[in-house]
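Peer 1: Got a structure for you, written out below as structure tokens; questions coming shortly.
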Amino acid sequence: MRVALVVNPFATRVSEDRLAEVRAELERVADVGVVLTEHPGHATELVTDACRGGAEAIVVFSGDGGFNEALNGLESDVPIGFLPGGGTSVLPRALGLPRDPLAAARRVADAIAAGRTRRISLGRVNGRRFAFGAGIGLDAEMVRRVDSLGRGDDGKRPGDLAFAVALVRVLAARHGRVETELEIDGLGRAGAVFVANGSPYTYAGRLPLPIVREATFELGLDLVAPVAVAPATLPFAVVRVLSGRVRGKRFLRGHDLDRIEVVCDVPLPLHADGEDLGDVERATFEAERGAIPVLA
């Protein structure tokens with residue numbers, strides 16, 4: 001079997017030694033060709049080239065940004081696997097793979113050898129695919145603040161602590177208040193929207209954060225949207241959102257949806273799989289059911 005191994009050498013947990021170990025593990029069961037990303041968006045191009053070049057499987061060793069790019073480069077029903085090379089690496093962990101890249105490579109190699117795949121759905125927002133989560137408002141602001149910190153001298157992105165600090169700063173900038181500033185068609189007005197294709201929505205270190213608890217990779221899209229939150233109730237609202245225990249009139253919810261349409265009062269930040277997609281006034285989220293076979 002011909003396997004294309006797409007690697008982001010700047011991802012937090014990718015190194016020459018780890019790459020050599022991962023490659024050796026995959027070469028137990030396949031002929032492996034390694035290609036390295038060189039700039040943003042390159043993984044999309046490399047995966048498209050691999051599909052057109054006859055690769056029989058694709059494995060991506062990267063962080064979630066690289067996984068997102070890879071999904072947007074798939075042009076055929078080629079099985080794809082994901083190895084956790086980023087600081088968080090939500091997608092492979094949510095698919096049940098170990099956090100250690102070599103252990104994950106061993107599982108993916110076994111799946112290749114056995115011809116074992118799991119078909120999952122994907123989401124799209126304004127045409128761009130996402131694997132596990134997308135949102136407008138609070139979490140997209142956090143992504144943007146972390147991105148504004150830049151990368152270290154080694155090219156690596158800040159870790160989970162930076163996101164925690166970003167959350168505090170976003171809430172401080174709002175004076176501890178979340179105002180309603182968008183409309184979700186058929187559901188009502190809210191202050192932000194979290195759209196999930198699977199659970200957990202993200203991780204804080206080893207701790208899963210099941211913000212949209214009922215979402216699964218086999219169904220359509222789920223959402224949670226907090227309505228206006230006052231400073232006095234903000235701590236309780238944050239805890240409930242992060243734990244996925246949202247009930248009552250302070251939250252809008254949706255489960256197993258094919259389409260979600262959002263209109264913003266003013267341009268608001270949008271993210272998909274932790275990638276900043278700029279400000280939008282409108283966003284259409286769509287479920288792409290049974291979209292791809294994954295090696296897991």
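Chain lettering (A, B, ...) mirrors the order of the structure tokens, residue numbering begins at 1 for each chain separately, and ligand numbering begins at 1 in order of display.
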Contacts between segment 252-273 of chain A and segment 73-150 of chain A, please, where a residue of segment 73-150 of chain A counts if it comes within 8 Å (with only C-alpha atoms); show its shortest atom pair and distance in Å to one decimal, rows by chain and ascending number, as CSV.
Peer 2:
```
residue,atom,partner,partner_atom,distance
A:Val125,CA,A:Ala272,CA,7.6
A:Arg129,CA,A:Ala272,CA,7.9
A:Phe130,CA,A:Ala272,CA,5.7
A:Ala131,CA,A:Asp273,CA,6.6
A:Phe132,CA,A:Asp273,CA,6.3
A:Gly133,CA,A:Asp273,CA,5.3
A:Ala134,CA,A:Ala272,CA,4.2
A:Gly135,CA,A:His271,CA,5.6
A:Ile136,CA,A:Leu270,CA,4.6
A:Gly137,CA,A:Pro269,CA,5.7
A:Asp139,CA,A:His271,CA,7.8
A:Ala140,CA,A:His271,CA,5.1
A:Glu141,CA,A:Pro269,CA,6.2
A:Val143,CA,A:His271,CA,7.4
```
Peer 1: Go ahead and save the residues from that selection, with N, CA and C atoms, as a PDB file, in the first residue's frame.
Peer 2:
```pdb
ATOM      1  N   VAL A 125     -18.452  25.366   7.163  1.00  0.00           N
ATOM      2  CA  VAL A 125     -18.947  26.698   7.484  1.00  0.00           C
ATOM      3  C   VAL A 125     -18.520  27.625   6.353  1.00  0.00           C
ATOM      4  N   ARG A 129     -14.495  23.091   5.218  1.00  0.00           N
ATOM      5  CA  ARG A 129     -14.686  21.928   6.071  1.00  0.00           C
ATOM      6  C   ARG A 129     -14.078  22.143   7.453  1.00  0.00           C
ATOM      7  N   PHE A 130     -14.706  21.522   8.466  1.00  0.00           N
ATOM      8  CA  PHE A 130     -14.086  21.425   9.785  1.00  0.00           C
ATOM      9  C   PHE A 130     -14.402  20.056  10.363  1.00  0.00           C
ATOM     10  N   ALA A 131     -13.517  19.613  11.263  1.00  0.00           N
ATOM     11  CA  ALA A 131     -13.603  18.243  11.770  1.00  0.00           C
ATOM     12  C   ALA A 131     -14.378  18.141  13.067  1.00  0.00           C
ATOM     13  N   PHE A 132     -14.084  19.036  14.028  1.00  0.00           N
ATOM     14  CA  PHE A 132     -14.678  18.855  15.356  1.00  0.00           C
ATOM     15  C   PHE A 132     -15.434  20.066  15.865  1.00  0.00           C
ATOM     16  N   GLY A 133     -15.036  21.281  15.532  1.00  0.00           N
ATOM     17  CA  GLY A 133     -15.738  22.421  16.101  1.00  0.00           C
ATOM     18  C   GLY A 133     -15.511  23.713  15.338  1.00  0.00           C
ATOM     19  N   ALA A 134     -16.506  24.580  15.396  1.00  0.00           N
ATOM     20  CA  ALA A 134     -16.414  25.915  14.807  1.00  0.00           C
ATOM     21  C   ALA A 134     -17.275  26.834  15.653  1.00  0.00           C
ATOM     22  N   GLY A 135     -17.029  28.127  15.570  1.00  0.00           N
ATOM     23  CA  GLY A 135     -17.819  29.020  16.396  1.00  0.00           C
ATOM     24  C   GLY A 135     -17.698  30.462  15.983  1.00  0.00           C
ATOM     25  N   ILE A 136     -18.655  31.237  16.456  1.00  0.00           N
ATOM     26  CA  ILE A 136     -18.677  32.684  16.234  1.00  0.00           C
ATOM     27  C   ILE A 136     -18.724  33.362  17.591  1.00  0.00           C
ATOM     28  N   GLY A 137     -17.863  34.360  17.770  1.00  0.00           N
ATOM     29  CA  GLY A 137     -17.879  35.120  19.016  1.00  0.00           C
ATOM     30  C   GLY A 137     -16.764  34.752  19.957  1.00  0.00           C
ATOM     31  N   ASP A 139     -15.194  32.068  21.491  1.00  0.00           N
ATOM     32  CA  ASP A 139     -14.056  31.182  21.270  1.00  0.00           C
ATOM     33  C   ASP A 139     -13.242  31.612  20.062  1.00  0.00           C
ATOM     34  N   ALA A 140     -13.898  32.207  19.063  1.00  0.00           N
ATOM     35  CA  ALA A 140     -13.158  32.717  17.909  1.00  0.00           C
ATOM     36  C   ALA A 140     -12.288  33.911  18.308  1.00  0.00           C
ATOM     37  N   GLU A 141     -12.772  34.725  19.242  1.00  0.00           N
ATOM     38  CA  GLU A 141     -11.946  35.821  19.763  1.00  0.00           C
ATOM     39  C   GLU A 141     -10.715  35.285  20.478  1.00  0.00           C
ATOM     40  N   VAL A 143      -9.168  32.429  19.859  1.00  0.00           N
ATOM     41  CA  VAL A 143      -8.254  31.952  18.817  1.00  0.00           C
ATOM     42  C   VAL A 143      -7.463  33.118  18.241  1.00  0.00           C
TER      43      VAL A 143
END
```
Peer 1: From a DSSP pass on the backbone, collect the residues of segment 34-283 of chain A flagged as strand (DSSP E or B) and hand them back as a VMD selection string.
Peer 2: chain A and resid 34 to 36 57 to 62 80 to 84 118 to 125 128 to 130 133 to 136 178 182 to 184 188 to 190 193 to 196 202 to 204 207 to 209 221 to 226 229 251 to 257 259 to 272 275 to 283
Peer 1: For the residues in the current selection, export C-alpha atoms as a PDB file, in the first residue's frame.
Peer 2:
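Done, and the output landed in again-v9.pdb:
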```
ATOM      1  CA  VAL A  34       6.978  11.838   3.442  1.00  0.00           C
ATOM      2  CA  VAL A  35       6.128  15.412   2.437  1.00  0.00           C
ATOM      3  CA  LEU A  36       6.667  18.450   4.681  1.00  0.00           C
ATOM      4  CA  ALA A  57      -4.039   6.234   2.296  1.00  0.00           C
ATOM      5  CA  ILE A  58      -2.995   9.556   3.814  1.00  0.00           C
ATOM      6  CA  VAL A  59      -1.630  10.125   7.306  1.00  0.00           C
ATOM      7  CA  VAL A  60      -1.223  13.643   8.708  1.00  0.00           C
ATOM      8  CA  PHE A  61       1.273  14.322  11.521  1.00  0.00           C
ATOM      9  CA  SER A  62       0.444  17.828  12.656  1.00  0.00           C
ATOM     10  CA  ILE A  80      -6.997   9.333   6.199  1.00  0.00           C
ATOM     11  CA  GLY A  81      -5.361   9.119   9.621  1.00  0.00           C
ATOM     12  CA  PHE A  82      -4.326  11.806  12.089  1.00  0.00           C
ATOM     13  CA  LEU A  83      -1.317  11.701  14.422  1.00  0.00           C
ATOM     14  CA  PRO A  84      -1.183  14.160  17.366  1.00  0.00           C
ATOM     15  CA  ARG A 118     -14.457   4.438  10.557  1.00  0.00           C
ATOM     16  CA  ARG A 119     -16.680   6.663   8.446  1.00  0.00           C
ATOM     17  CA  ILE A 120     -17.368  10.041  10.037  1.00  0.00           C
ATOM     18  CA  SER A 121     -19.265  13.182   9.188  1.00  0.00           C
ATOM     19  CA  LEU A 122     -17.675  16.589   8.755  1.00  0.00           C
ATOM     20  CA  GLY A 123     -18.974  20.115   9.097  1.00  0.00           C
ATOM     21  CA  ARG A 124     -18.720  23.022   6.684  1.00  0.00           C
ATOM     22  CA  VAL A 125     -18.947  26.698   7.484  1.00  0.00           C
ATOM     23  CA  ARG A 128     -14.842  25.377   4.525  1.00  0.00           C
ATOM     24  CA  ARG A 129     -14.686  21.928   6.071  1.00  0.00           C
ATOM     25  CA  PHE A 130     -14.086  21.425   9.785  1.00  0.00           C
ATOM     26  CA  GLY A 133     -15.738  22.421  16.101  1.00  0.00           C
ATOM     27  CA  ALA A 134     -16.414  25.915  14.807  1.00  0.00           C
ATOM     28  CA  GLY A 135     -17.819  29.020  16.396  1.00  0.00           C
ATOM     29  CA  ILE A 136     -18.677  32.684  16.234  1.00  0.00           C
ATOM     30  CA  VAL A 178     -21.922  38.759  27.063  1.00  0.00           C
ATOM     31  CA  LEU A 182     -26.319  37.354  16.632  1.00  0.00           C
ATOM     32  CA  GLU A 183     -29.447  35.538  15.478  1.00  0.00           C
ATOM     33  CA  ILE A 184     -29.636  31.771  14.918  1.00  0.00           C
ATOM     34  CA  GLY A 188     -33.370  32.933  18.530  1.00  0.00           C
ATOM     35  CA  ARG A 189     -30.800  35.487  19.638  1.00  0.00           C
ATOM     36  CA  ALA A 190     -27.579  34.698  21.466  1.00  0.00           C
ATOM     37  CA  VAL A 193     -22.432  30.103  19.127  1.00  0.00           C
ATOM     38  CA  PHE A 194     -20.400  26.909  19.511  1.00  0.00           C
ATOM     39  CA  VAL A 195     -21.007  24.387  16.702  1.00  0.00           C
ATOM     40  CA  ALA A 196     -19.673  20.853  17.160  1.00  0.00           C
ATOM     41  CA  THR A 202     -11.540  20.812  22.883  1.00  0.00           C
ATOM     42  CA  TYR A 203      -9.117  19.904  25.683  1.00  0.00           C
ATOM     43  CA  ALA A 204      -7.367  21.787  28.464  1.00  0.00           C
ATOM     44  CA  LEU A 207      -9.012  17.457  30.587  1.00  0.00           C
ATOM     45  CA  PRO A 208     -11.709  17.106  27.886  1.00  0.00           C
ATOM     46  CA  LEU A 209     -14.113  20.034  27.588  1.00  0.00           C
ATOM     47  CA  LEU A 221     -24.094  19.157  13.793  1.00  0.00           C
ATOM     48  CA  ASP A 222     -24.888  20.202  17.364  1.00  0.00           C
ATOM     49  CA  LEU A 223     -24.812  23.686  18.840  1.00  0.00           C
ATOM     50  CA  VAL A 224     -24.806  25.515  22.129  1.00  0.00           C
ATOM     51  CA  ALA A 225     -25.345  29.266  22.251  1.00  0.00           C
ATOM     52  CA  PRO A 226     -25.340  31.274  25.474  1.00  0.00           C
ATOM     53  CA  VAL A 229     -24.837  36.827  30.392  1.00  0.00           C
ATOM     54  CA  PHE A 251     -28.810  28.678  26.455  1.00  0.00           C
ATOM     55  CA  LEU A 252     -30.009  27.809  22.972  1.00  0.00           C
ATOM     56  CA  ARG A 253     -29.340  24.236  21.857  1.00  0.00           C
ATOM     57  CA  GLY A 254     -29.587  22.158  18.702  1.00  0.00           C
ATOM     58  CA  HIS A 255     -28.867  18.462  18.029  1.00  0.00           C
ATOM     59  CA  ASP A 256     -28.163  16.452  14.852  1.00  0.00           C
ATOM     60  CA  LEU A 257     -28.768  19.370  12.502  1.00  0.00           C
ATOM     61  CA  ARG A 259     -27.949  23.279   8.491  1.00  0.00           C
ATOM     62  CA  ILE A 260     -27.472  26.224  10.853  1.00  0.00           C
ATOM     63  CA  GLU A 261     -27.776  29.803   9.641  1.00  0.00           C
ATOM     64  CA  VAL A 262     -26.440  32.691  11.704  1.00  0.00           C
ATOM     65  CA  VAL A 263     -26.764  36.426  11.092  1.00  0.00           C
ATOM     66  CA  CYS A 264     -24.608  38.802  13.173  1.00  0.00           C
ATOM     67  CA  ASP A 265     -25.562  42.332  14.189  1.00  0.00           C
ATOM     68  CA  VAL A 266     -22.000  43.450  13.396  1.00  0.00           C
ATOM     69  CA  PRO A 267     -19.053  41.547  11.849  1.00  0.00           C
ATOM     70  CA  LEU A 268     -17.889  38.930  14.374  1.00  0.00           C
ATOM     71  CA  PRO A 269     -14.883  36.571  14.383  1.00  0.00           C
ATOM     72  CA  LEU A 270     -15.376  33.042  13.046  1.00  0.00           C
ATOM     73  CA  HIS A 271     -13.140  30.012  13.565  1.00  0.00           C
ATOM     74  CA  ALA A 272     -13.099  26.437  12.308  1.00  0.00           C
ATOM     75  CA  GLU A 275      -8.293  28.437  12.619  1.00  0.00           C
ATOM     76  CA  ASP A 276      -9.242  32.125  12.384  1.00  0.00           C
ATOM     77  CA  LEU A 277     -11.453  32.651   9.316  1.00  0.00           C
ATOM     78  CA  GLY A 278     -11.874  36.402   9.759  1.00  0.00           C
ATOM     79  CA  ASP A 279     -14.971  38.446  10.588  1.00  0.00           C
ATOM     80  CA  VAL A 280     -18.366  37.538   9.163  1.00  0.00           C
ATOM     81  CA  GLU A 281     -21.841  39.007   9.153  1.00  0.00           C
ATOM     82  CA  ARG A 282     -23.412  35.737   8.034  1.00  0.00           C
ATOM     83  CA  ALA A 283     -22.393  32.120   8.456  1.00  0.00           C
TER      84      ALA A 283
END
```
Peer 1: Among segment 71-151 of chain A, which ones does DSSP place in alpha helix (DSSP H), written as a PyMOL selection string?
Peer 2: chain A and resi 71+90-94+101-114+138-148
Peer 1: For each of A:Gly198, A:Gly290, A:Gly87, A:Gly274, take the minimum atom-to-atom distance to Asn68 of chain A, counting only C-alpha atoms, then give the residue where this is smallest.
Peer 2: A:Gly274
Peer 1: Can you work out which one of A:Gly85, A:Gly220, A:Gly191, A:Pro79 has the shortest atom-to-atom distance to Arg289 of chain A, counting only C-alpha atoms?
Peer 2: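 Nearest to Arg289 of chain A: A:Gly220.
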Peer 1: Can you work out which one of A:Glu45, A:Gly63, A:Pro101, A:Glu21 has the shortest atom-to-atom distance to Pro9 of chain A, counting only C-alpha atoms?
Peer 2: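 Of A:Glu45, A:Gly63, A:Pro101, A:Glu21, the one nearest Pro9 of chain A, counting only C-alpha atoms, is A:Gly63.
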Peer 1: Using only C-alpha atoms, determine which residues lie at most 10 Å from Pro40 of chain A, disregarding the query and same-chain residues fewer than 3 positions distant; provide the list as a list of chain:residue names.
Peer 2: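 Answer for this query is A:Asn8, A:Thr37, A:Ala43, A:Thr44, A:Gly65, A:Gly66, A:Glu69.
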Peer 1: Those residues with N, CA and C atoms, as a short mmCIF file (atom, residue, chain, number, x, y, z; two decimals), in the first residue's frame please?
Peer 2:
```cif
data_model
loop_
_atom_site.label_atom_id
_atom_site.label_comp_id
_atom_site.auth_asym_id
_atom_site.auth_seq_id
_atom_site.Cartn_x
_atom_site.Cartn_y
_atom_site.Cartn_z
N ASN A 8 3.70 18.52 9.39
CA ASN A 8 4.00 19.92 9.69
C ASN A 8 5.20 19.95 10.63
N THR A 37 5.11 20.26 5.12
CA THR A 37 4.47 21.54 4.81
C THR A 37 5.48 22.66 5.01
N ALA A 43 -0.69 22.10 3.43
CA ALA A 43 -1.21 20.74 3.64
C ALA A 43 -2.39 20.47 2.71
N THR A 44 -3.20 21.49 2.43
CA THR A 44 -4.31 21.32 1.49
C THR A 44 -3.78 20.92 0.12
N GLY A 65 -4.65 22.63 13.06
CA GLY A 65 -4.67 23.47 11.87
C GLY A 65 -4.28 22.69 10.63
N GLY A 66 -3.25 21.85 10.77
CA GLY A 66 -2.84 21.01 9.65
C GLY A 66 -3.88 19.98 9.29
N GLU A 69 -6.54 21.76 7.27
CA GLU A 69 -6.08 22.00 5.90
C GLU A 69 -6.15 20.70 5.09
#
```
Peer 1: Please, what distance in Å, to one decimal, runs between atom CA of Arg206 of chain A and atom CA of Ala11 of chain A?
Peer 2: 18.2 Å
Peer 1: Any idea what the distance is between atom CA of Asn197 of chain A and atom CA of Pro98 of chain A?
Peer 2: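 Here the two named atoms are 20.0 Å from each other.
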